[in-house]
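K.L.:
This is the content of final_2.txt (compact mmCIF, C-alpha atoms):
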# COMPACT_ATOMS: atom_id res chain seq x y z
CA MET A 1032 131.82 143.97 105.54
CA ASP A 1033 128.79 145.70 107.07
CA GLU A 1034 127.56 144.24 110.36
CA ASN A 1035 124.06 143.81 108.94
CA ASN A 1036 125.47 141.50 106.26
CA LEU A 1037 127.23 139.14 108.65
CA ASN A 1038 126.14 135.53 108.69
CA TYR A 1039 125.27 134.71 112.29
CA ASP A 1040 125.19 131.04 113.28
CA ILE A 1041 122.25 130.64 115.63
CA PHE A 1042 122.86 128.41 118.64
CA ILE A 1043 119.67 129.08 120.63
CA LYS A 1044 116.57 130.55 118.99
CA GLY A 1045 114.43 133.12 120.76
CA ASN A 1046 111.58 135.46 119.91
CA LEU A 1047 113.13 138.93 120.19
CA VAL A 1048 116.77 137.78 120.22
CA ASP A 1049 118.78 134.74 119.18
CA LEU A 1050 121.94 133.57 120.92
CA VAL A 1051 124.63 133.19 118.27
CA ILE A 1052 128.06 131.60 118.08
CA ILE A 1053 130.98 134.01 118.39
CA THR A 1054 133.36 133.93 115.40
CA GLU A 1055 136.39 135.86 114.20
CA GLU A 1056 134.12 137.68 111.74
CA ILE A 1057 131.95 138.92 114.59
CA VAL A 1058 134.99 140.21 116.45
CA GLU A 1059 136.26 141.91 113.31
CA HIS A 1060 133.04 143.50 112.05
CA THR A 1061 131.02 144.45 115.17
CA ASN A 1062 131.43 147.04 117.90
CA TRP A 1063 132.04 144.40 120.57
CA TYR A 1064 135.58 145.46 121.48
CA ASN A 1065 134.55 149.09 121.91
CA TRP A 1066 131.87 148.36 124.53
CA PHE A 1067 134.66 148.05 127.07
CA ASN A 1068 135.99 151.51 126.24
CA ASP A 1069 132.68 153.15 127.11
CA GLU A 1070 132.47 154.58 130.64
CA GLU A 1071 128.71 154.31 130.88
CA THR A 1072 128.61 150.67 129.72
CA THR A 1073 131.34 149.63 132.15
CA LEU A 1074 130.27 151.80 135.11
CA HIS A 1075 129.41 148.76 137.27
CA MET A 1076 131.86 146.30 135.72
CA GLN A 1077 135.46 145.32 136.34
CA GLN A 1078 136.37 146.86 133.01
CA HIS A 1079 137.60 150.21 131.65
CA TYR A 1080 140.88 150.06 133.56
CA TYR A 1081 142.91 149.88 130.34
CA PRO A 1082 141.96 150.70 126.73
CA ASN A 1083 140.64 147.85 124.62
CA THR A 1084 141.40 147.36 120.92
CA LYS A 1085 140.03 145.13 118.21
CA SER A 1086 143.28 143.12 118.13
CA MET A 1087 143.10 142.63 121.91
CA GLN A 1088 139.52 141.43 121.56
CA MET A 1089 140.61 139.00 118.86
CA ASP A 1090 143.32 137.63 121.18
CA PHE A 1091 140.69 137.22 123.91
CA TYR A 1092 138.46 135.32 121.50
CA LYS A 1093 141.25 132.97 120.37
CA LYS A 1094 142.70 132.32 123.83
CA ILE A 1095 139.65 132.41 126.10
CA ILE A 1096 136.54 131.62 124.04
CA LYS A 1097 137.51 129.42 121.09
CA ASN A 1098 137.53 125.69 121.94
CA ASN A 1099 137.11 126.42 125.66
CA LYS A 1100 135.03 123.62 127.22
CA GLU A 1101 134.73 125.53 130.49
CA LYS A 1102 133.04 128.52 128.89
CA ILE A 1103 130.00 129.11 126.69
CA GLN A 1104 129.95 132.69 125.42
CA LEU A 1105 127.23 133.65 122.97
CA GLY A 1106 126.30 136.83 121.18
CA ILE A 1107 122.88 138.40 121.73
CA TYR A 1108 121.56 139.08 118.24
CA HIS A 1109 118.57 141.41 117.90
CA LYS A 1110 116.52 139.74 115.21
CA LYS A 1111 114.55 142.75 113.98
CA ASP A 1112 117.45 145.22 113.88
CA LYS A 1113 120.03 142.61 112.77
CA ILE A 1114 122.68 143.73 115.24
CA LEU A 1115 124.86 142.15 117.90
CA CYS A 1116 123.74 144.06 120.98
CA GLY A 1117 125.32 142.10 123.82
CA LEU A 1118 126.82 138.90 125.19
CA VAL A 1119 125.70 136.25 127.65
CA SER A 1120 128.01 133.64 129.15
CA LEU A 1121 128.37 130.56 131.29
CA ASN A 1122 131.86 130.73 132.79
CA LYS A 1123 133.98 128.34 134.84
CA ILE A 1124 131.78 125.39 133.91
CA ASP A 1125 132.49 122.65 136.46
CA ASN A 1126 131.32 119.31 135.07
CA LEU A 1127 132.13 117.46 138.28
CA ASN A 1128 130.10 119.64 140.62
CA ARG A 1129 127.64 120.68 137.86
CA ASN A 1130 127.86 124.44 138.33
CA ALA A 1131 128.92 127.56 136.45
CA GLU A 1132 128.99 131.34 136.71
CA ILE A 1133 126.64 133.44 134.58
CA SER A 1134 127.23 136.90 133.15
CA LEU A 1135 125.58 139.30 130.72
CA ILE A 1136 126.45 142.57 129.05
CA ILE A 1137 124.26 144.71 126.82
CA GLY A 1138 126.85 146.72 124.94
CA GLU A 1139 124.60 148.81 122.73
CA ASN A 1140 122.76 151.45 124.76
CA LYS A 1141 119.58 151.32 122.67
CA TYR A 1142 118.97 147.71 123.70
CA ARG A 1143 119.30 148.09 127.48
CA LYS A 1144 115.69 147.16 127.89
CA LEU A 1145 114.21 144.60 130.25
CA GLU A 1146 112.82 142.38 127.51
CA VAL A 1147 116.24 141.93 125.84
CA SER A 1148 118.06 141.01 129.06
CA HIS A 1149 115.15 138.84 130.22
CA GLU A 1150 114.99 136.73 127.07
CA ALA A 1151 118.78 136.33 126.77
CA MET A 1152 119.04 135.22 130.41
CA LYS A 1153 116.06 132.89 130.11
CA LEU A 1154 117.56 131.20 127.03
CA ILE A 1155 120.97 130.61 128.59
CA ILE A 1156 119.56 129.50 131.97
CA ASN A 1157 117.28 126.99 130.25
CA HIS A 1158 120.28 125.72 128.29
CA ALA A 1159 122.33 125.42 131.47
CA PHE A 1160 119.75 123.43 133.41
CA ASN A 1161 117.88 121.51 130.73
CA THR A 1162 120.55 120.81 128.11
CA ILE A 1163 123.95 120.56 129.76
CA ASN A 1164 122.39 119.45 133.06
CA LEU A 1165 123.96 121.92 135.47
CA HIS A 1166 122.74 121.77 139.06
CA LYS A 1167 123.53 125.35 140.03
CA ILE A 1168 124.33 128.75 138.52
CA ASN A 1169 126.28 131.40 140.41
CA ALA A 1170 126.21 135.14 139.80
CA GLY A 1171 127.98 138.14 141.29
CA TYR A 1172 127.73 141.88 140.93
CA ILE A 1173 129.33 145.03 142.28
CA GLU A 1174 127.13 146.49 145.01
CA THR A 1175 126.44 149.66 143.02
CA LEU A 1176 124.41 147.59 140.54
CA GLU A 1177 121.67 146.47 142.94
CA SER A 1178 119.09 146.76 140.16
CA TRP A 1179 120.77 143.75 138.50
CA GLY A 1180 120.60 141.74 141.70
CA LEU A 1181 116.94 142.65 142.13
CA PHE A 1182 116.27 141.54 138.55
CA LEU A 1183 117.93 138.15 139.11
CA ARG A 1184 116.14 137.52 142.39
CA ARG A 1185 112.65 138.55 141.32
CA THR A 1186 112.69 137.25 137.75
CA PHE A 1187 114.60 133.98 138.01
CA GLY A 1188 114.62 133.08 141.72
CA PHE A 1189 118.29 133.69 142.57
CA SER A 1190 118.99 133.90 146.31
CA ASN A 1191 121.63 135.81 148.26
CA GLU A 1192 124.72 133.81 149.20
CA GLY A 1193 126.91 136.38 150.90
CA ILE A 1194 129.15 139.36 150.33
CA GLN A 1195 132.84 139.69 149.51
CA LYS A 1196 133.74 142.89 151.31
CA GLU A 1197 135.80 145.55 149.53
CA GLN A 1198 136.67 143.05 146.81
CA VAL A 1199 137.05 145.40 143.84
CA TYR A 1200 138.35 148.91 143.25
CA LYS A 1201 136.02 150.95 141.09
CA ASN A 1202 135.12 154.63 140.78
CA GLY A 1203 137.63 155.63 143.47
CA LYS A 1204 136.32 153.21 146.09
CA TYR A 1205 136.76 149.65 147.30
CA LEU A 1206 133.38 148.03 146.75
CA ASN A 1207 131.67 144.83 147.81
CA ILE A 1208 130.75 141.96 145.53
CA VAL A 1209 127.30 140.48 146.19
CA ASN A 1210 127.06 136.75 145.45
CA LEU A 1211 123.89 135.03 144.29
CA GLY A 1212 123.01 131.43 143.48
CA LEU A 1213 120.26 129.54 141.68
CA THR A 1214 119.70 125.78 141.71
CA LYS A 1215 117.74 123.87 139.12
CA ASN A 1216 115.02 123.10 141.69
CA GLN A 1217 114.72 126.77 142.64
CA TYR A 1218 114.38 127.75 139.00
CA HIS A 1219 111.75 125.15 138.17
CA THR A 1220 109.81 126.11 141.30
CA MET A 1221 109.85 129.73 140.16
CA ILE A 1222 108.54 128.71 136.71
CA LYS A 1223 105.70 126.67 138.22
CA GLU A 1224 104.72 129.52 140.53
CA ASN A 1225 104.65 131.96 137.60
CA ILE A 1226 102.48 129.59 135.56
CA ASN A 1227 100.04 129.17 138.45
CA GLU A 1228 99.86 132.95 138.93
CA GLU A 1229 99.07 133.43 135.23
CA LYS A 1230 96.28 130.81 135.42
CA SER A 1231 94.72 132.47 138.45
CA ASP A 1232 94.67 135.96 136.84
So that I can check it, write out the structure of this file as structure tokens.
P.N.:
Amino acid sequence: MDENNLNYDIFIKGNLVDLVIITEEIVEHTNWYNWFNDEETTLHMQQHYYPNTKSMQMDFYKKIIKNNKEKIQLGIYHKKDKILCGLVSLNKIDNLNRNAEISLIIGENKYRKLEVSHEAMKLIINHAFNTINLHKINAGYIETLESWGLFLRRTFGFSNEGIQKEQVYKNGKYLNIVNLGLTKNQYHTMIKENINEEKSD
């Protein structure tokens, strides 16, 4: 089956991209598994230590994603080009303390554009705060990817919450993990400030 002929079940509708439900067909007929074999894609990730295969990705889907109430992992589907270009996730969902960790990967190089990441993140953050009623979202990144941290702080209002020193081994070095956090109040304040700025322009 060609990827363009897959039936994607839309979970959250967007303008440029939709967030779609991951299925066995998506694992089988897209390039998802191979993103983690690409050195450029995984340069700032804790990936590319061991080769990844389609069967390993299928095992990951069945054991980690399917029926997991502590994880929402959705595909980023580019509506115009009809391709799965990335993934966005809420991980370690804690229903008692109302928090989760957020992550995103754009696996297809052509779609590593600000508007794709921005809309995918906006859709999942809105879902986290306004639908499943989380109080806080946490994020972390390897220090070499400061552009990602800058994006989260400036665009969505994340704030710095500390550093885990020499936490990961990557590219021949022990590197720090930078931790960020965003509460629902912070996010809604950011939205209101952006609306007021647009009105004053």
K.L.:
So, with only C-alpha atoms as the atoms that count, which of A:Trp1179, A:Gln1077, A:Leu1050, A:Pro1082 lies closest to Tyr1205 (chain A)?
P.N.:
A:Gln1077
K.L.:
Show me, as a ChimeraX atom specification, the residues that have an atom within 10 Å of region 1132-1141 of chain A when counting only C-alpha atoms, minus same-chain residues fewer than 6 positions from it.
P.N.:
/A:1062-1067,1069,1071-1073,1076,1102-1107,1114-1125,1147-1148,1151-1152,1155-1156,1159,1167-1172,1211-1212
K.L.:
How many Å lie between CA of Lys1144 (chain A) and CA of Lys1044 (chain A), rounded to one decimal?
P.N.:
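CA of Lys1044 (chain A) lies 18.9 Å from CA of Lys1144 (chain A).
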K.L.:
In Å, rounded to a single decimal, give me how far CA of Asn1130 (chain A) is from CA of His1166 (chain A).
P.N.:
5.8 Å
K.L.:
Can you tell me how far CA of Tyr1080 (chain A) sits from CA of Tyr1200 (chain A), in Å to one decimal?
P.N.:
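CA of Tyr1200 (chain A) lies 10.1 Å from CA of Tyr1080 (chain A).
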K.L.:
Determine, counting all atoms listed in the file, which protein, DNA and RNA residues have an atom within 7 Å of an atom of Asp1049 (chain A); residues of the same chain fewer than 4 positions away are not included. Present the result as a VMD selection string.
P.N.:
chain A and resid 1041 1043 to 1045 1107 to 1110
K.L.:
Please identify all polymer residues lying at most 12 Å from the point (132.0, 152.0, 143.8) (file coordinates), using only C-alpha atoms, and present the result as number ranges by chain.
P.N.:
A: 1073-1077, 1172-1177, 1196-1208
K.L.:
Point out the residue among A:Asn1164, A:Gln1195, A:Asn1099, A:Asn1157 with the least atom-to-atom distance to Leu1127 (chain A), counting all atoms listed in the file.
P.N.:
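Using all atoms listed in the file, Leu1127 (chain A) sits closest to A:Asn1164.
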K.L.:
Please give the centre and size of the box around region 1208-1217 of chain A (axis-aligned, containing every atom listed in the file, 5 Å added per side), with values in Å to one decimal and written as AutoDock Vina command-line options.
P.N.:
--center_x 122.7 --center_y 132.5 --center_z 142.7 --size_x 26.0 --size_y 28.9 --size_z 17.1
K.L.:
For region 1090-1094 of chain A, list every protein, DNA or RNA residue within 9 Å, evaluated using only C-alpha atoms, and leave out those in the same chain fewer than 3 positions away; present the list as an NGL selection string.
P.N.:
:A and (1053-1055 or 1058 or 1085-1087 or 1097-1099)
